[in-house]
Structure formats: C-alpha cells, structure tokens
$ cat query_7.pdb   # PDB, C-alpha atoms
ATOM      1  CA  MET Z  29      69.204  45.531  32.841
ATOM      2  CA  ALA Z  30      70.074  42.163  31.346
ATOM      3  CA  GLN Z  31      67.420  40.617  33.507
ATOM      4  CA  GLN Z  32      64.804  43.055  32.249
ATOM      5  CA  LEU Z  33      65.786  42.352  28.647
ATOM      6  CA  ALA Z  34      65.575  38.605  29.279
ATOM      7  CA  ALA Z  35      62.154  39.055  30.919
ATOM      8  CA  VAL Z  36      60.859  41.179  27.976
ATOM      9  CA  LYS Z  37      62.299  38.639  25.516
ATOM     10  CA  ALA Z  38      60.637  35.744  27.412
ATOM     11  CA  GLU Z  39      57.346  37.678  27.515
ATOM     12  CA  ARG Z  40      57.504  38.314  23.742
ATOM     13  CA  GLU Z  41      58.264  34.658  23.093
ATOM     14  CA  GLN Z  42      55.380  33.643  25.337
ATOM     15  CA  THR Z  43      53.044  36.095  23.559
ATOM     16  CA  ALA Z  44      54.190  34.816  20.134
ATOM     17  CA  LYS Z  45      53.705  31.228  21.304
ATOM     18  CA  LEU Z  46      50.220  32.083  22.636
ATOM     19  CA  GLU Z  47      49.297  33.806  19.354
ATOM     20  CA  GLN Z  48      50.540  30.750  17.418
ATOM     21  CA  GLU Z  49      48.468  28.425  19.619
ATOM     22  CA  GLN Z  50      45.395  30.638  19.129
ATOM     23  CA  ALA Z  51      45.943  30.564  15.355
ATOM     24  CA  ASP Z  52      46.270  26.745  15.461
ATOM     25  CA  ALA Z  53      43.118  26.499  17.600
ATOM     26  CA  SER Z  54      41.230  28.720  15.119
ATOM     27  CA  LYS Z  55      42.368  26.480  12.236
ATOM     28  CA  GLN Z  56      41.205  23.379  14.132
ATOM     29  CA  ILE Z  57      37.860  25.009  14.974
ATOM     30  CA  GLY Z  58      37.460  25.924  11.292
ATOM     31  CA  ALA Z  59      38.269  22.356  10.252
ATOM     32  CA  VAL Z  60      35.782  20.942  12.798
ATOM     33  CA  ALA Z  61      33.103  23.417  11.595
ATOM     34  CA  THR Z  62      33.709  22.278   8.009
ATOM     35  CA  ASP Z  63      33.487  18.628   9.080
ATOM     36  CA  VAL Z  64      30.245  19.302  10.986
ATOM     37  CA  SER Z  65      28.799  21.064   7.943
ATOM     38  CA  THR Z  66      29.763  18.094   5.761
ATOM     39  CA  VAL Z  67      28.147  15.683   8.235
ATOM     40  CA  LYS Z  68      24.965  17.803   8.278
ATOM     41  CA  THR Z  69      24.839  17.674   4.492
ATOM     42  CA  ASP Z  70      25.407  13.909   4.538
ATOM     43  CA  VAL Z  71      22.669  13.418   7.169
ATOM     44  CA  THR Z  72      20.221  15.513   5.150
ATOM     45  CA  GLY Z  73      20.995  13.429   2.067
ATOM     46  CA  ALA Z  74      20.638  10.211   4.066
ATOM     47  CA  LYS Z  75      17.266  11.332   5.436
ATOM     48  CA  ALA Z  76      16.004  11.985   1.907
ATOM     49  CA  SER Z  77      17.314   8.618   0.743
ATOM     50  CA  ILE Z  78      15.683   6.845   3.700
ATOM     51  CA  ALA Z  79      12.361   8.594   3.017
ATOM     52  CA  ASP Z  80      12.530   7.505  -0.643
ATOM     53  CA  THR Z  81      13.341   3.945   0.393
ATOM     54  CA  GLN Z  82      10.460   3.885   2.890
ATOM     55  CA  LYS Z  83       8.046   5.122   0.215
ATOM     56  CA  ASP Z  84       9.296   2.505  -2.251
ATOM     57  CA  LEU Z  85       8.923  -0.196   0.412
ATOM     58  CA  ALA Z  86       5.376   0.921   1.247
ATOM     59  CA  ASP Z  87       4.474   0.896  -2.471
ATOM     60  CA  ALA Z  88       5.961  -2.591  -2.875
ATOM     61  CA  LYS Z  89       4.061  -3.859   0.179
ATOM     62  CA  ASP Z  90       0.845  -2.388  -1.181
ATOM     63  CA  GLN Z  91       1.402  -4.049  -4.558
ATOM     64  CA  MET Z  92       2.168  -7.384  -2.914
ATOM     65  CA  HIS Z  93      -0.953  -7.141  -0.764
ATOM     66  CA  ARG Z  94      -3.029  -6.342  -3.835
ATOM     67  CA  MET Z  95      -1.519  -9.293  -5.703
ATOM     68  CA  LEU Z  96      -2.026 -11.737  -2.876
ATOM     69  CA  GLY Z  97      -5.441 -10.544  -1.752
ATOM     70  CA  ASP Z  98      -7.070 -10.791   1.654
ATOM     71  CA  GLU Z  99      -6.327 -14.433   2.328
ATOM     72  CA  GLY Z 100      -2.649 -14.235   1.400
ATOM     73  CA  LYS Z 101      -3.215 -16.518  -1.562
ATOM     74  CA  MET Z 102      -3.139 -15.860  -5.248
ATOM     75  CA  SER Z 103      -6.061 -17.519  -6.978
ATOM     76  CA  GLY Z 104      -4.801 -16.714 -10.424
ATOM     77  CA  LEU Z 105      -4.732 -13.794 -12.773
ATOM     78  CA  ILE Z 106      -6.696 -10.625 -12.184
ATOM     79  CA  ALA Z 107      -8.687  -9.088 -15.002
ATOM     80  CA  THR Z 108      -8.650  -5.315 -15.079
ATOM     81  CA  ASN Z 109     -11.330  -4.936 -17.769
ATOM     82  CA  HIS Z 110     -14.067  -6.872 -19.576
ATOM     83  CA  ASP Z 111     -11.781  -8.129 -22.385
ATOM     84  CA  GLU Z 112      -9.264  -9.594 -19.933
ATOM     85  CA  LEU Z 113     -12.155 -11.194 -18.033
ATOM     86  CA  GLU Z 114     -13.307 -12.899 -21.224
ATOM     87  CA  ILE Z 115      -9.805 -14.353 -21.637
ATOM     88  CA  LEU Z 116      -9.915 -15.702 -18.074
ATOM     89  CA  LYS Z 117     -13.364 -17.194 -18.665
ATOM     90  CA  HIS Z 118     -12.068 -19.094 -21.682
ATOM     91  CA  LYS Z 119      -9.208 -20.606 -19.695
ATOM     92  CA  GLY Z 120     -11.868 -22.564 -17.802
ATOM     93  CA  ASP Z 121     -10.178 -22.732 -14.377
ATOM     94  CA  ARG Z 122     -12.894 -20.861 -12.514
ATOM     95  CA  ASN Z 123     -16.364 -19.392 -12.939
ATOM     96  CA  TYR Z 124     -16.525 -15.626 -13.470
ATOM     97  CA  ILE Z 125     -19.699 -13.664 -12.833
ATOM     98  CA  GLU Z 126     -19.788  -9.952 -13.637
ATOM     99  CA  PHE Z 127     -21.698  -7.454 -11.499
ATOM    100  CA  THR Z 128     -22.455  -3.754 -11.194
ATOM    101  CA  LEU Z 129     -23.368  -2.274  -7.816
ATOM    102  CA  THR Z 130     -24.817   1.137  -7.046
ATOM    103  CA  LYS Z 131     -23.983   2.911  -3.795
ATOM    104  CA  GLY Z 132     -26.878   2.778  -1.355
ATOM    105  CA  ALA Z 133     -28.792   0.071  -3.248
ATOM    106  CA  LYS Z 134     -29.930  -3.139  -1.563
ATOM    107  CA  PRO Z 135     -27.512  -6.105  -1.558
ATOM    108  CA  THR Z 136     -27.254  -7.848  -4.928
ATOM    109  CA  LEU Z 137     -27.174 -11.647  -5.175
ATOM    110  CA  VAL Z 138     -24.148 -12.767  -7.177
ATOM    111  CA  SER Z 139     -23.865 -16.563  -7.330
ATOM    112  CA  THR Z 140     -24.308 -17.707  -3.701
ATOM    113  CA  ILE Z 141     -23.216 -14.466  -2.020
ATOM    114  CA  LYS Z 142     -24.612 -10.948  -1.726
ATOM    115  CA  LEU Z 143     -22.630  -7.786  -2.450
ATOM    116  CA  GLN Z 144     -23.500  -4.217  -1.527
ATOM    117  CA  ALA Z 145     -21.624  -1.007  -2.328
ATOM    118  CA  LYS Z 146     -21.429   1.240   0.742
ATOM    119  CA  LYS Z 147     -19.022   3.963  -0.396
ATOM    120  CA  VAL Z 148     -17.587   4.869  -3.803
ATOM    121  CA  ASP Z 149     -14.707   7.370  -4.114
ATOM    122  CA  ASP Z 150     -13.961   7.453  -7.841
ATOM    123  CA  LYS Z 151     -11.563  10.390  -7.376
ATOM    124  CA  HIS Z 152      -9.158   8.208  -5.323
ATOM    125  CA  SER Z 153     -10.227   4.864  -6.893
ATOM    126  CA  LYS Z 154     -11.390   3.480  -3.528
ATOM    127  CA  TYR Z 155     -14.620   1.851  -2.406
ATOM    128  CA  THR Z 156     -16.197   0.110   0.571
ATOM    129  CA  MET Z 157     -18.334  -2.985   0.069
ATOM    130  CA  VAL Z 158     -20.252  -5.436   2.249
ATOM    131  CA  VAL Z 159     -19.849  -9.121   1.387
ATOM    132  CA  SER Z 160     -22.596 -11.396   2.752
ATOM    133  CA  ALA Z 161     -21.747 -15.093   2.776
ATOM    134  CA  ASP Z 162     -22.592 -17.965   5.136
ATOM    135  CA  ASP Z 163     -24.953 -15.733   7.156
ATOM    136  CA  ARG Z 164     -22.142 -13.245   7.878
ATOM    137  CA  ASN Z 165     -21.729  -9.683   6.681
ATOM    138  CA  ILE Z 166     -18.128  -8.546   6.251
ATOM    139  CA  GLU Z 167     -17.387  -4.916   5.445
ATOM    140  CA  LYS Z 168     -14.329  -4.413   3.242
ATOM    141  CA  LYS Z 169     -13.304  -0.779   3.749
ATOM    142  CA  ASP Z 170     -11.266   1.513   1.503
ATOM    143  CA  ARG Z 171     -10.335  -1.050  -1.130
ATOM    144  CA  ASN Z 172      -8.455  -0.109  -4.283
ATOM    145  CA  LEU Z 173      -9.483  -0.679  -7.849
ATOM    146  CA  ASP Z 174      -8.229  -4.102  -9.096
ATOM    147  CA  GLU Z 175      -7.494  -5.259  -5.521
ATOM    148  CA  PRO Z 176      -8.734  -8.833  -5.000
ATOM    149  CA  ILE Z 177     -11.011  -9.432  -2.013
ATOM    150  CA  GLN Z 178     -10.719 -13.092  -1.113
ATOM    151  CA  PHE Z 179     -12.769 -15.137   1.314
ATOM    152  CA  TYR Z 180     -13.717 -18.724   1.980
ATOM    153  CA  THR Z 181     -17.362 -19.719   1.948
ATOM    154  CA  GLY Z 182     -19.590 -22.750   1.806
ATOM    155  CA  LYS Z 183     -19.584 -26.078   3.561
ATOM    156  CA  ASP Z 184     -16.279 -27.077   1.953
ATOM    157  CA  GLN Z 185     -14.677 -23.626   2.480
ATOM    158  CA  MET Z 186     -13.979 -22.750  -1.150
ATOM    159  CA  LEU Z 187     -11.973 -19.665  -2.091
ATOM    160  CA  PHE Z 188     -14.087 -16.931  -3.674
ATOM    161  CA  GLU Z 189     -12.613 -13.723  -5.031
ATOM    162  CA  VAL Z 190     -14.233 -10.367  -5.782
ATOM    163  CA  VAL Z 191     -12.414  -7.856  -7.991
ATOM    164  CA  VAL Z 192     -13.759  -4.389  -8.752
ATOM    165  CA  ASN Z 193     -12.130  -3.246 -11.982
ATOM    166  CA  SER Z 194     -14.065  -0.098 -12.867
ATOM    167  CA  MET Z 195     -15.971   2.625 -11.105
ATOM    168  CA  ALA Z 196     -18.030   5.648 -11.892
ATOM    169  CA  LYS Z 197     -19.839   8.118  -9.691
ATOM    170  CA  ASN Z 198     -21.710   6.057  -7.056
ATOM    171  CA  GLN Z 199     -21.224   2.817  -9.023
ATOM    172  CA  ILE Z 200     -18.687  -0.018  -9.103
ATOM    173  CA  SER Z 201     -18.354  -2.916 -11.531
ATOM    174  CA  GLY Z 202     -16.285  -6.046 -11.443
ATOM    175  CA  TYR Z 203     -16.534  -9.793 -11.153
ATOM    176  CA  LEU Z 204     -16.832 -12.667  -8.711
ATOM    177  CA  SER Z 205     -14.491 -15.592  -9.282
ATOM    178  CA  THR Z 206     -15.595 -18.973  -7.888
ATOM    179  CA  PRO Z 207     -14.120 -22.473  -8.157
ATOM    180  CA  LYS Z 208     -15.558 -24.620 -10.967
ATOM    181  CA  ASP Z 209     -17.060 -27.022  -8.426
ATOM    182  CA  ALA Z 210     -18.633 -24.295  -6.262
ATOM    183  CA  PRO Z 211     -22.314 -24.767  -5.539
ATOM    184  CA  ALA Z 212     -24.704 -22.979  -7.886
ATOM    185  CA  PRO Z 213     -27.272 -20.580  -6.492
ATOM    186  CA  MET Z 214     -30.534 -22.230  -5.588
ATOM    187  CA  ALA Z 215     -33.321 -21.537  -8.064
ATOM    188  CA  ALA Z 216     -36.591 -20.205  -6.751
ATOM    189  CA  PRO Z 217     -39.254 -22.909  -6.543
ATOM    190  CA  THR Z 218     -41.695 -22.882  -9.431
ATOM    191  CA  LYS Z 219     -45.448 -22.757  -8.818
ATOM    192  CA  GLN Z 220     -47.608 -25.371 -10.419
TER     193      GLN Z 220
END

$ encode --input "query_7.pdb" --output "structure tokens"
Amino acid sequence: MAQQLAAVKAEREQTAKLEQEQADASKQIGAVATDVSTVKTDVTGAKASIADTQKDLADAKDQMHRMLGDEGKMSGLIATNHDELEILKHKGDRNYIEFTLTKGAKPTLVSTIKLQAKKVDDKHSKYTMVVSADDRNIEKKDRNLDEPIQFYTGKDQMLFEVVVNSMAKNQISGYLSTPKDAPAPMAAPTKQ
C-alpha cells in the first residue's frame, strides 16, 4: 500500500507541476501577445510617420524644382502678380515682357520667341504651353502657376524665363524675362 500511496503522491505532484507549467506558459503567451500588439501599434504609427515624411519631402522637392526652374538655375526673383513685376522691372537686371495667351489661339510672338497655350486647368492651377525658339517647338506639360520655365536660346545661348502668374478660364497671363543684352525682335521692313 505504501507503494500505491507514493505513486498517487508522485502523480499528484506531477499533475501540479504540469498545471504550474501550463499556467507559466499561458502567462508567457499573454506577455508575447501584448508585446506583439504593442509592436503592431508602433508599426502603424511608424507607417503614418513615414507617409507624412514622404509627403513633406515630395512637397519640398516640388518647391525646390519650382524655385530652380527647368534648367536648374535661379535667374532671380519671381513675380507672382503685376505689382511685383513692376518692382522687378525697376531693378533693371533683366527685360520683362508681359503676355496673355488664350487656349487654342495661334502662337503669340513675345520678344524673339513664340508662346502658345495648349491646355488651361484653372481648377488645379496647371497649364500646358508650347515654347517656340530657335526653330524648335518645346511643349511644357502640366506646369504650375508661378513655376519658372527656363530655356536657353539665341546664338549666344542666353537664359530666358517664362512665368505664368495668373489664369482664368482658357487664358493664362504672365511674363517673359530676358537678359538685358538679349537681341530685340526684328522689326518688319517698312515699305517706301
């Protein structure tokens, strides 16, 4: 009988030990589940932070591109309205010629180049324009308001800059900035 009592006692101890181990395992599983939940929350927060950072970076890149223009150079200040353009004109660094283009109209001669409005999206402040210089037509697609379009033209490759600073339905207005020593447009010959 002593052996049976010892066997029952050993079995109870083993059962108690097994129950204790199961309780410990449950606690560890609970702790791991809590840790996983915390990590999920942290990852979700990190994703949101990364998305915000990517948007901020894209906005900064867009602003830098707009400031530098097409050629990666900054020719000077950009006027966003007629009054600011008058201030730039009085500084005397460059020539400024204002223009207004209507979508679908024939190309307009501005100084020594021609400009034509192809598309005007005043809802999103975007436009598409064709710049004709040195016997080449270059289409500038989906440009933003106040974004400088820069290009070199002429025999001496001078930097010209077009800025559209206002738009209305099917119409854009802005200015062409040319160096002071840029060639003037040729006058039509006079009949005698």

$ resolve_selection --input "query_7.pdb" --expression "the PyMOL selection byres ((chain Z and resi 171-175) around 7)" --output "list in words"
Arg94, Gly97, Thr108, Ser153, Lys154, Tyr155, Thr156, Lys168, Lys169, Asp170, Pro176, Ile177, Val191, Val192, Asn193 and Ser194 of chain Z

$ residues_around --input "query_7.pdb" --residues "His110 (chain Z)" --least-positions-apart "6" --cutoff "10 Å" --atoms "only C-alpha atoms" --output "list in words"
Leu116, Glu126, Asn193, Ser194, Ser201, Gly202 and Tyr203 of chain Z

$ closest_residue --input "query_7.pdb" --among "Z:Glu112, Z:Asp84, Z:Asp150, Z:Asp162" --to "Ala196 (chain Z)" --atoms "only C-alpha atoms"
Z:Asp150

$ atom_distance --input "query_7.pdb" --atom1 "CA of Pro207 (chain Z)" --atom2 "CA of Thr181 (chain Z)"
11.0 Å

$ resolve_selection --input "query_7.pdb" --expression "the PyMOL selection byres ((chain Z and resi 210) around 10)" --output "list in words"
Arg122, Asn123, Ser139, Thr140, Thr181, Gly182, Asp184, Gln185, Met186, Leu187, Phe188, Thr206, Pro207, Lys208, Asp209, Pro211, Ala212 and Pro213 of chain Z

$ atom_distance --input "query_7.pdb" --atom1 "CA of Val158 (chain Z)" --atom2 "CA of Thr130 (chain Z)"
12.3 Å

$ residues_around --input "query_7.pdb" --residues "Asn198 (chain Z)" --least-positions-apart "2" --cutoff "9 Å" --atoms "all atoms listed in the file" --output "PDB file with C-alpha atoms, keeping the file's coordinate frame"
ATOM      1  CA  LEU Z 129     -23.368  -2.274  -7.816  1.00  0.00           C
ATOM      2  CA  THR Z 130     -24.817   1.137  -7.046  1.00  0.00           C
ATOM      3  CA  LYS Z 131     -23.983   2.911  -3.795  1.00  0.00           C
ATOM      4  CA  GLY Z 132     -26.878   2.778  -1.355  1.00  0.00           C
ATOM      5  CA  ALA Z 145     -21.624  -1.007  -2.328  1.00  0.00           C
ATOM      6  CA  LYS Z 147     -19.022   3.963  -0.396  1.00  0.00           C
ATOM      7  CA  VAL Z 148     -17.587   4.869  -3.803  1.00  0.00           C
ATOM      8  CA  ASP Z 149     -14.707   7.370  -4.114  1.00  0.00           C
ATOM      9  CA  ASP Z 150     -13.961   7.453  -7.841  1.00  0.00           C
ATOM     10  CA  MET Z 195     -15.971   2.625 -11.105  1.00  0.00           C
ATOM     11  CA  ALA Z 196     -18.030   5.648 -11.892  1.00  0.00           C
ATOM     12  CA  ILE Z 200     -18.687  -0.018  -9.103  1.00  0.00           C
TER      13      ILE Z 200
END

$ axis_aligned_box --input "query_7.pdb" --around "region 169-187 of chain Z" --padding-each-side "8 Å" --output "JSON"
{"center_x": -13.5, "center_y": -12.8, "center_z": -2.7, "size_x": 28.1, "size_y": 44.6, "size_z": 28.8}

$ atom_distance --input "query_7.pdb" --atom1 "CA of Gln178 (chain Z)" --atom2 "CA of Thr81 (chain Z)"
29.5 Å
